[in-house]
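Q: Supplied in C-alpha cells, the structure appears directly below.
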Amino acid sequence: MATERARVTIALRLVGAGLTAAMAAIHLHLWDVGYRSLATIGVLFLLNGIGGGLLALALLAAPTRYVGVPAALGAVLTAGTLAGLVISLTSGLFGFEESLGAELVWPTIAIESAGVVALSALALVARRRRPPKQR
C-alpha cells in the first residue's frame, strides 16, 4: 500500500503534467491560429508548446527519485510564461500588447497559476522524499 506522501506525489505528477500539457496545447493552438506571424512572440509560443509538451511527458515518465527536476523546470517555465502574459497585458512584450478579451487569456491565467502551484509543490515534495546523503 502506498504511503500518503507517495499518493500526494502521484496526484501532483498527474495534475502537474496535465496543467503543463494544457499550457503547451494553448500555446500551440494560438501559434497555429495566427500568433506564428508575430515577430519573436510567434517563435516563443512554438517553443513553449514544444517544451511544455516535453516537460509534461517527463513529469509522467521520470523515475520518482528524479521527478523533482522536471517539476522544478516546469514551475520555472510556467511562472515565466505567466509573467510574460502579465507583461504583455500591462506594458507590452517585444512590441506586442495582449488584451484581456483575447482568445484563451483567462483560461491561460488559471492554468498557468495552478501549474506554478502544483509544480512547485511537486518539486518540494520530491526534494523532501530523497534520503539524506550518507557521509
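Ligands are numbered from 1 in the order shown, residues from 1 within each chain, and chains are lettered A, B, ... in the order they appear in the C-alpha cells.
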Which neighbours of Ala21 of chain A fall inside 7 Å, counting only C-alpha atoms, when residues of the same chain fewer than 2 positions from it are skipped, and could you give them as a list in words?
A: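 Counting only C-alpha atoms, the residues come to Ala17, Gly18, Leu19, Met23, Ala24, Ala25, Gly52, Gly53 and Ala56 of chain A.
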Q: Restricted to C-alpha atoms, what would the selected residues look like written as a short mmCIF file (atom, residue, chain, number, x, y, z; two decimals), in the first residue's frame?
A:
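Printed below is again-v1.cif as written:
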```cif
data_model
loop_
_atom_site.label_atom_id
_atom_site.label_comp_id
_atom_site.auth_asym_id
_atom_site.auth_seq_id
_atom_site.Cartn_x
_atom_site.Cartn_y
_atom_site.Cartn_z
CA ALA A 17 1.60 17.04 -16.19
CA GLY A 18 -1.99 17.83 -17.15
CA LEU A 19 -1.61 21.54 -16.50
CA MET A 23 -0.41 25.23 -21.26
CA ALA A 24 1.54 23.73 -24.16
CA ALA A 25 -1.66 22.97 -26.10
CA GLY A 52 5.75 22.22 -22.34
CA GLY A 53 4.81 19.02 -24.13
CA ALA A 56 4.59 17.00 -19.41
#
```
Q: List the spatial neighbours of segment 39-49 of chain A as a list in words - criterion: any atom at most 10 Å away, only C-alpha atoms, same-chain residues fewer than 5 positions off excluded.
A: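 Once the adjacent positions are removed, what remains is Thr20, Ala21, Ala22, Met23, Ala24, Ala25, Ile26, His27, Leu28, His29, Leu30, Trp31, Asp32, Gly34, Leu54, Leu55, Leu77, Thr78, Thr81, Leu93, Phe94, Gly95 and Phe96 of chain A.
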Q: Write a file of the selected residues as a compact mmCIF listing (two decimals), in the first residue's frame, keeping N, CA, C and O atoms.
A:
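This went into again16.txt:
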```
# COMPACT_ATOMS: atom_id res chain seq x y z
N THR A 20 0.64 21.31 -17.41
CA THR A 20 1.73 21.64 -18.33
C THR A 20 1.33 21.33 -19.76
O THR A 20 1.59 22.11 -20.68
N ALA A 21 0.68 20.19 -19.95
CA ALA A 21 0.20 19.83 -21.29
C ALA A 21 -0.86 20.81 -21.78
O ALA A 21 -0.87 21.18 -22.97
N ALA A 22 -1.73 21.25 -20.89
CA ALA A 22 -2.76 22.23 -21.27
C ALA A 22 -2.12 23.55 -21.67
O ALA A 22 -2.52 24.17 -22.67
N MET A 23 -1.12 23.99 -20.91
CA MET A 23 -0.41 25.23 -21.26
C MET A 23 0.24 25.09 -22.64
O MET A 23 0.14 25.99 -23.47
N ALA A 24 0.88 23.96 -22.87
CA ALA A 24 1.54 23.73 -24.16
C ALA A 24 0.51 23.71 -25.28
O ALA A 24 0.74 24.32 -26.35
N ALA A 25 -0.62 23.06 -25.06
CA ALA A 25 -1.66 22.97 -26.10
C ALA A 25 -2.23 24.35 -26.43
O ALA A 25 -2.47 24.66 -27.60
N ILE A 26 -2.43 25.17 -25.42
CA ILE A 26 -2.94 26.53 -25.65
C ILE A 26 -1.95 27.30 -26.53
O ILE A 26 -2.34 27.95 -27.50
N HIS A 27 -0.67 27.22 -26.19
CA HIS A 27 0.32 27.97 -26.96
C HIS A 27 0.46 27.45 -28.39
O HIS A 27 0.60 28.24 -29.33
N LEU A 28 0.40 26.15 -28.56
CA LEU A 28 0.45 25.60 -29.92
C LEU A 28 -0.79 25.98 -30.72
O LEU A 28 -0.71 26.32 -31.91
N HIS A 29 -1.96 25.97 -30.07
CA HIS A 29 -3.19 26.38 -30.75
C HIS A 29 -3.10 27.84 -31.18
O HIS A 29 -3.41 28.18 -32.33
N LEU A 30 -2.70 28.71 -30.27
CA LEU A 30 -2.61 30.13 -30.60
C LEU A 30 -1.55 30.39 -31.67
O LEU A 30 -1.75 31.23 -32.55
N TRP A 31 -0.45 29.67 -31.60
CA TRP A 31 0.57 29.78 -32.64
C TRP A 31 -0.04 29.40 -33.99
O TRP A 31 0.17 30.09 -34.99
N ASP A 32 -0.81 28.32 -34.00
CA ASP A 32 -1.41 27.82 -35.24
C ASP A 32 -2.44 28.78 -35.82
O ASP A 32 -2.56 28.89 -37.04
N GLY A 34 -2.54 32.04 -35.65
CA GLY A 34 -2.12 33.37 -36.05
C GLY A 34 -0.94 33.98 -35.33
O GLY A 34 -0.29 34.87 -35.86
N LEU A 54 7.13 18.37 -23.89
CA LEU A 54 8.22 17.50 -23.44
C LEU A 54 8.29 17.42 -21.91
O LEU A 54 8.52 16.34 -21.35
N LEU A 55 8.06 18.55 -21.24
CA LEU A 55 8.07 18.53 -19.78
C LEU A 55 6.90 17.73 -19.22
O LEU A 55 7.05 17.02 -18.22
N LEU A 77 9.33 27.34 -16.08
CA LEU A 77 8.76 27.65 -17.40
C LEU A 77 7.36 28.25 -17.27
O LEU A 77 7.04 29.26 -17.90
N THR A 78 6.54 27.66 -16.43
CA THR A 78 5.16 28.13 -16.27
C THR A 78 5.12 29.51 -15.63
O THR A 78 4.36 30.38 -16.07
N THR A 81 6.23 31.97 -18.24
CA THR A 81 5.18 32.16 -19.23
C THR A 81 4.07 33.05 -18.69
O THR A 81 3.58 33.95 -19.39
N LEU A 93 5.11 43.30 -24.66
CA LEU A 93 6.29 42.44 -24.63
C LEU A 93 6.77 42.24 -26.07
O LEU A 93 6.00 41.77 -26.92
N PHE A 94 8.00 42.61 -26.34
CA PHE A 94 8.57 42.50 -27.69
C PHE A 94 7.68 43.20 -28.73
O PHE A 94 7.47 42.70 -29.83
N GLY A 95 7.13 44.34 -28.33
CA GLY A 95 6.30 45.12 -29.25
C GLY A 95 4.87 44.60 -29.40
O GLY A 95 4.12 45.09 -30.24
N PHE A 96 4.48 43.62 -28.59
CA PHE A 96 3.14 43.03 -28.68
C PHE A 96 2.39 43.30 -27.39
O PHE A 96 2.90 43.07 -26.30
```
Q: Excluding Ala6 of chain A and its own-chain neighbours fewer than 6 positions away, which residues fall within 10 Å of it when counting only C-alpha atoms? Please give them as an mmCIF file with N, CA, C and O atoms, in the first residue's frame.
A:
```cif
data_model
loop_
_atom_site.group_PDB
_atom_site.id
_atom_site.type_symbol
_atom_site.label_atom_id
_atom_site.label_comp_id
_atom_site.auth_asym_id
_atom_site.auth_seq_id
_atom_site.Cartn_x
_atom_site.Cartn_y
_atom_site.Cartn_z
ATOM 1 N N LEU A 12 0.188 14.966 -7.596
ATOM 2 C CA LEU A 12 0.841 16.183 -8.090
ATOM 3 C C LEU A 12 1.483 15.948 -9.455
ATOM 4 O O LEU A 12 1.490 16.847 -10.296
ATOM 5 N N THR A 64 10.575 8.251 -9.866
ATOM 6 C CA THR A 64 10.140 9.072 -8.735
ATOM 7 C C THR A 64 11.285 9.846 -8.099
ATOM 8 O O THR A 64 11.130 11.011 -7.747
ATOM 9 N N VAL A 125 7.939 18.405 -2.605
ATOM 10 C CA VAL A 125 7.671 17.055 -2.101
ATOM 11 C C VAL A 125 8.761 16.097 -2.576
ATOM 12 O O VAL A 125 9.249 15.267 -1.801
ATOM 13 N N ALA A 126 9.171 16.210 -3.820
ATOM 14 C CA ALA A 126 10.209 15.333 -4.361
ATOM 15 C C ALA A 126 11.539 15.570 -3.648
ATOM 16 O O ALA A 126 12.290 14.633 -3.395
ATOM 17 N N ARG A 129 11.522 13.886 -0.363
ATOM 18 C CA ARG A 129 11.473 12.416 -0.482
ATOM 19 C C ARG A 129 12.839 11.785 -0.481
ATOM 20 O O ARG A 129 12.985 10.633 -0.065
#
```
Q: Could you list, as a VMD selection string, every residue within 12 Å of Gly101 of chain A, counting only C-alpha atoms and ignoring same-chain residues fewer than 5 positions away?
A: chain A and resid 89 106 to 107
Q: Selected residues, C-alpha atoms, written as a CSV table (one decimal), in the first residue's frame, please.
A:
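Wrote it out as again_20.csv, contents follow:
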```csv
chain,number,residue,atom,x,y,z
A,89,LEU,CA,-1.2,42.6,-20.8
A,106,TRP,CA,-8.5,33.9,-18.8
A,107,PRO,CA,-8.1,30.1,-19.1
```
Q: Between atom CA of Leu122 of chain A and atom CA of Arg13 of chain A, what is the distance, to one decimal in Å?
A: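 Straight-line distance from atom CA of Leu122 of chain A to atom CA of Arg13 of chain A works out to 6.9 Å.
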Q: For atom CA of Ser99 of chain A and atom CA of Leu85 of chain A, quote the distance in Å rounded to one decimal.
A: 9.7 Å
Q: Counting only C-alpha atoms, figure out which residue out of A:Thr3, A:Glu112, A:Leu119, A:Val86 gets nearest to Leu100 of chain A.
A: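 Going through A:Thr3, A:Glu112, A:Leu119, A:Val86 one by one, the smallest distance to Leu100 of chain A is for A:Val86.
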Q: Go ahead and compute the interatomic distance for atom CA of Ile111 of chain A and atom CA of Ala75 of chain A, in Å to one decimal.
A: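 One can read the atom CA of Ile111 of chain A to atom CA of Ala75 of chain A distance as 12.1 Å.
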Q: Name the closest residue to Ser113 of chain A among the candidates A:Ala58, A:Ser91, A:Tyr66, A:Gly80; distances are taken between atoms, counting only C-alpha atoms.
A: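 Counting only C-alpha atoms, the residue closest to Ser113 of chain A is A:Gly80.
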